[in-house]
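Remarks on the structure that follows.
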Amino acid sequence: TVVVKSGDVLQYLSFDVLGTLIVQPGAKLEYCQFIVVGELVWDGVATNCGFDVYGTLTMKPGAQFESCRFEIHGNLIAKGTEADSITITRGTGIRFFGGESYLSYMRISGCVVSQGSHPNWNMAYASGGGIHVSGEGTLVHMSHCVVERNTANGSDTVSGSFFAFGRGGGVSVINSARLEMKNCIISENQTFAFGCAAIADVSAFLLLEQCLLRGNDYRDNLIWGAGGVVASHRGA
């Protein structure tokens with residue numbers, strides 16, 4: 001077990017987490033990259049960091065992340081409290097590509113995902129500004145979370161035979177994945193096309209139970225436009 005202690009400030013480092021790495025409250029890490037095969041327990045502050053998770057990332061109440069990138073292929077356990085939530089601001093939201101994850105009392109705000117903003121996301125659709133869940137067997141449970149002021153920011157130009165635009169300004173669920181949201185708020189998210197709050201494709205499952213959707217909007221697109229939730233066939 002390796003511990004980053006309270007008061008430590010670390011910059012421009014790369015971590016291959018094979019065992020257990022614990023980041024204590026008050027520790028600050030900037031411009032660091034993490035490949036997590038074992039377990040990373042986070043109780044500090046991260047700025048401009050990247051997290052590629054194949055094991056388990058555990059976020060403690062009060063953990064803060066600003067302008068960070070998350071790719072979850074394993075498990076994310078992020079359980080804040082009503083008095084001490086977990087905050088993710090700016091950055092590219094959280095991208096889930098496998099495993100089973102649990103999020104509660106988390107606030108995800110001001111994130112932007114764009115076409116080609118990461119090599120793995122170079123697709124016609126910029127999908128899921130705050131939360132993106134993809135892949136068969138990928139399961140995410142969310143409760144008492146806020147997803148607000150995020151953007152799926154595509155392009156309104158034509159490239160070859162493809163239109164490039166955003167979908168799911170707040171949340172997207174695709175490719176046989178499953179997302180369950182209970183007592184959550186999806187607010188003031190934007191996209192260039194459809195599913196400004198959330199979108200689920202034909203193979204995915206999206207459950208919204210006692211959730212509040214408000215102020216979500218599409219912008220600058222005269223081809224397609226739909227606010228709220230868009231479900232393709234049996235997607236929700």
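Every chain in the structure tokens takes a letter, A first, then B, and so on in the order presented; its residues are numbered from 1, and the ligands are numbered from 1 following the presented order.
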* Do a neighbour search on A:Phe15 at 7 Å with only C-alpha atoms, toss out local chain neighbours closer than 2 positions, and write the hits as number ranges by chain. => A: 13, 17, 33-35
* **Residues within 7 Å of A:Thr47, only C-alpha atoms, excluding chain neighbours under 6 positions, as a PyMOL selection string** => chain A and resi 29-31+65-68
* To do: Mind giving me the straight-line distance from atom CA of A:Val53 to atom CA of A:Arg149 in Å, one decimal?
  =>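 Here the two named atoms are 25.2 Å from each other.
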* To do: Quick one: pick out all strand (DSSP E or B) residues within stretch 32-207 of chain A from a backbone DSSP run and write them as number ranges by chain.
  => A: 33-36, 39-42, 45-47, 50-53, 56-59, 64-66, 69-72, 75-79, 86-89, 94-96, 100-104, 106-109, 112-114, 125-127, 131-134, 139-143, 146-148, 151-153, 158-159, 162-163, 165-167, 171-174, 178-182, 185-187, 190-191, 194, 198-200, 205-207
* To do: Would you work out the distance separating atom CA of A:Phe205 from atom CA of A:Asn75, expressed in Å to one decimal?
  =>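 Distance between the two atoms: 18.7 Å.
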* Long-range neighbours of A:Glu180 as number ranges by chain, 12 Å cut-off, only C-alpha atoms, 3 positions minimum in chain -> A: 100-104, 131, 133, 138-145, 171-173, 177, 183-184, 200, 204-211, 236
What would the file look like if the residues just selected were written as a PDB file, in the first residue's frame with N, CA and C atoms?
```pdb
ATOM      1  N   GLU A 100     -19.167  -2.854 -13.025  1.00  0.00           N
ATOM      2  CA  GLU A 100     -20.366  -2.402 -12.308  1.00  0.00           C
ATOM      3  C   GLU A 100     -19.958  -1.305 -11.330  1.00  0.00           C
ATOM      4  N   SER A 101     -20.644  -0.170 -11.397  1.00  0.00           N
ATOM      5  CA  SER A 101     -20.251   1.004 -10.621  1.00  0.00           C
ATOM      6  C   SER A 101     -21.425   1.554  -9.828  1.00  0.00           C
ATOM      7  N   TYR A 102     -21.105   2.199  -8.704  1.00  0.00           N
ATOM      8  CA  TYR A 102     -22.107   2.775  -7.814  1.00  0.00           C
ATOM      9  C   TYR A 102     -21.730   4.222  -7.513  1.00  0.00           C
ATOM     10  N   LEU A 103     -22.659   5.143  -7.810  1.00  0.00           N
ATOM     11  CA  LEU A 103     -22.434   6.566  -7.577  1.00  0.00           C
ATOM     12  C   LEU A 103     -23.588   7.114  -6.743  1.00  0.00           C
ATOM     13  N   SER A 104     -23.262   7.834  -5.690  1.00  0.00           N
ATOM     14  CA  SER A 104     -24.300   8.498  -4.898  1.00  0.00           C
ATOM     15  C   SER A 104     -23.765   9.820  -4.357  1.00  0.00           C
ATOM     16  N   ILE A 131     -22.214  11.848 -18.340  1.00  0.00           N
ATOM     17  CA  ILE A 131     -22.085  10.410 -18.113  1.00  0.00           C
ATOM     18  C   ILE A 131     -22.281   9.686 -19.435  1.00  0.00           C
ATOM     19  N   VAL A 133     -22.244   5.641 -20.867  1.00  0.00           N
ATOM     20  CA  VAL A 133     -22.189   4.234 -20.473  1.00  0.00           C
ATOM     21  C   VAL A 133     -22.314   3.386 -21.732  1.00  0.00           C
ATOM     22  N   THR A 138     -21.890  -3.620 -19.011  1.00  0.00           N
ATOM     23  CA  THR A 138     -21.580  -2.410 -18.252  1.00  0.00           C
ATOM     24  C   THR A 138     -22.829  -1.962 -17.505  1.00  0.00           C
ATOM     25  N   LEU A 139     -22.720  -1.826 -16.187  1.00  0.00           N
ATOM     26  CA  LEU A 139     -23.869  -1.490 -15.341  1.00  0.00           C
ATOM     27  C   LEU A 139     -23.470  -0.382 -14.380  1.00  0.00           C
ATOM     28  N   VAL A 140     -24.251   0.694 -14.363  1.00  0.00           N
ATOM     29  CA  VAL A 140     -23.981   1.830 -13.482  1.00  0.00           C
ATOM     30  C   VAL A 140     -25.247   2.153 -12.693  1.00  0.00           C
ATOM     31  N   HIS A 141     -25.090   2.265 -11.364  1.00  0.00           N
ATOM     32  CA  HIS A 141     -26.180   2.646 -10.474  1.00  0.00           C
ATOM     33  C   HIS A 141     -25.897   4.056  -9.952  1.00  0.00           C
ATOM     34  N   MET A 142     -26.854   4.961 -10.081  1.00  0.00           N
ATOM     35  CA  MET A 142     -26.697   6.321  -9.570  1.00  0.00           C
ATOM     36  C   MET A 142     -27.889   6.692  -8.698  1.00  0.00           C
ATOM     37  N   SER A 143     -27.603   7.335  -7.560  1.00  0.00           N
ATOM     38  CA  SER A 143     -28.678   7.829  -6.700  1.00  0.00           C
ATOM     39  C   SER A 143     -28.263   9.157  -6.080  1.00  0.00           C
ATOM     40  N   HIS A 144     -29.226  10.080  -5.994  1.00  0.00           N
ATOM     41  CA  HIS A 144     -29.012  11.389  -5.378  1.00  0.00           C
ATOM     42  C   HIS A 144     -27.811  12.115  -6.002  1.00  0.00           C
ATOM     43  N   CYS A 145     -27.720  12.013  -7.322  1.00  0.00           N
ATOM     44  CA  CYS A 145     -26.653  12.693  -8.051  1.00  0.00           C
ATOM     45  C   CYS A 145     -27.222  13.860  -8.852  1.00  0.00           C
ATOM     46  N   VAL A 171     -26.505  12.704 -20.315  1.00  0.00           N
ATOM     47  CA  VAL A 171     -26.295  11.274 -20.119  1.00  0.00           C
ATOM     48  C   VAL A 171     -26.518  10.545 -21.441  1.00  0.00           C
ATOM     49  N   SER A 172     -25.665   9.561 -21.734  1.00  0.00           N
ATOM     50  CA  SER A 172     -25.930   8.662 -22.857  1.00  0.00           C
ATOM     51  C   SER A 172     -25.663   7.222 -22.431  1.00  0.00           C
ATOM     52  N   VAL A 173     -26.504   6.307 -22.962  1.00  0.00           N
ATOM     53  CA  VAL A 173     -26.373   4.882 -22.675  1.00  0.00           C
ATOM     54  C   VAL A 173     -26.494   4.156 -24.010  1.00  0.00           C
ATOM     55  N   ALA A 177     -25.479  -1.389 -22.816  1.00  0.00           N
ATOM     56  CA  ALA A 177     -25.154  -1.035 -21.425  1.00  0.00           C
ATOM     57  C   ALA A 177     -26.443  -0.742 -20.641  1.00  0.00           C
ATOM     58  N   ASN A 183     -33.666   9.271  -7.915  1.00  0.00           N
ATOM     59  CA  ASN A 183     -33.602  10.505  -7.127  1.00  0.00           C
ATOM     60  C   ASN A 183     -32.453  11.415  -7.577  1.00  0.00           C
ATOM     61  N   CYS A 184     -32.294  11.528  -8.890  1.00  0.00           N
ATOM     62  CA  CYS A 184     -31.229  12.350  -9.457  1.00  0.00           C
ATOM     63  C   CYS A 184     -31.814  13.585 -10.146  1.00  0.00           C
ATOM     64  N   ALA A 200     -30.856   6.969 -24.854  1.00  0.00           N
ATOM     65  CA  ALA A 200     -30.554   5.544 -24.797  1.00  0.00           C
ATOM     66  C   ALA A 200     -30.798   4.949 -26.176  1.00  0.00           C
ATOM     67  N   ALA A 204     -29.702  -0.459 -25.401  1.00  0.00           N
ATOM     68  CA  ALA A 204     -29.347  -0.088 -24.024  1.00  0.00           C
ATOM     69  C   ALA A 204     -30.589  -0.021 -23.136  1.00  0.00           C
ATOM     70  N   PHE A 205     -30.346   0.090 -21.826  1.00  0.00           N
ATOM     71  CA  PHE A 205     -31.429   0.224 -20.846  1.00  0.00           C
ATOM     72  C   PHE A 205     -31.141   1.426 -19.953  1.00  0.00           C
ATOM     73  N   LEU A 206     -32.101   2.331 -19.873  1.00  0.00           N
ATOM     74  CA  LEU A 206     -31.989   3.515 -19.025  1.00  0.00           C
ATOM     75  C   LEU A 206     -33.211   3.591 -18.130  1.00  0.00           C
ATOM     76  N   LEU A 207     -32.988   3.579 -16.826  1.00  0.00           N
ATOM     77  CA  LEU A 207     -34.058   3.712 -15.848  1.00  0.00           C
ATOM     78  C   LEU A 207     -33.933   5.066 -15.155  1.00  0.00           C
ATOM     79  N   LEU A 208     -34.994   5.858 -15.199  1.00  0.00           N
ATOM     80  CA  LEU A 208     -35.084   7.118 -14.465  1.00  0.00           C
ATOM     81  C   LEU A 208     -36.232   7.000 -13.469  1.00  0.00           C
ATOM     82  N   GLU A 209     -35.905   6.958 -12.196  1.00  0.00           N
ATOM     83  CA  GLU A 209     -36.919   6.779 -11.153  1.00  0.00           C
ATOM     84  C   GLU A 209     -36.877   7.960 -10.189  1.00  0.00           C
ATOM     85  N   GLN A 210     -37.987   8.705 -10.135  1.00  0.00           N
ATOM     86  CA  GLN A 210     -38.108   9.883  -9.281  1.00  0.00           C
ATOM     87  C   GLN A 210     -36.955  10.866  -9.530  1.00  0.00           C
ATOM     88  N   CYS A 211     -36.683  11.079 -10.809  1.00  0.00           N
ATOM     89  CA  CYS A 211     -35.643  12.037 -11.209  1.00  0.00           C
ATOM     90  C   CYS A 211     -36.283  13.331 -11.707  1.00  0.00           C
ATOM     91  N   ALA A 236     -35.377   2.719 -23.393  1.00  0.00           N
ATOM     92  CA  ALA A 236     -35.661   3.210 -22.056  1.00  0.00           C
ATOM     93  C   ALA A 236     -37.045   2.791 -21.632  1.00  0.00           C
TER      94      ALA A 236
END
```
* To do: Between atom CA of A:Asp43 and atom CA of A:Ala78, measure the distance and give it in Å to one decimal.
  =>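 Rounded to one decimal, the two atoms are 10.6 Å apart.
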* Asked: So which residues touch A:Gly26 within 8 Å, counting only C-alpha atoms, skipping near sequence neighbours fewer than 3 positions away, as a VMD selection string?
  -> chain A and resid 5 to 8 43 to 45
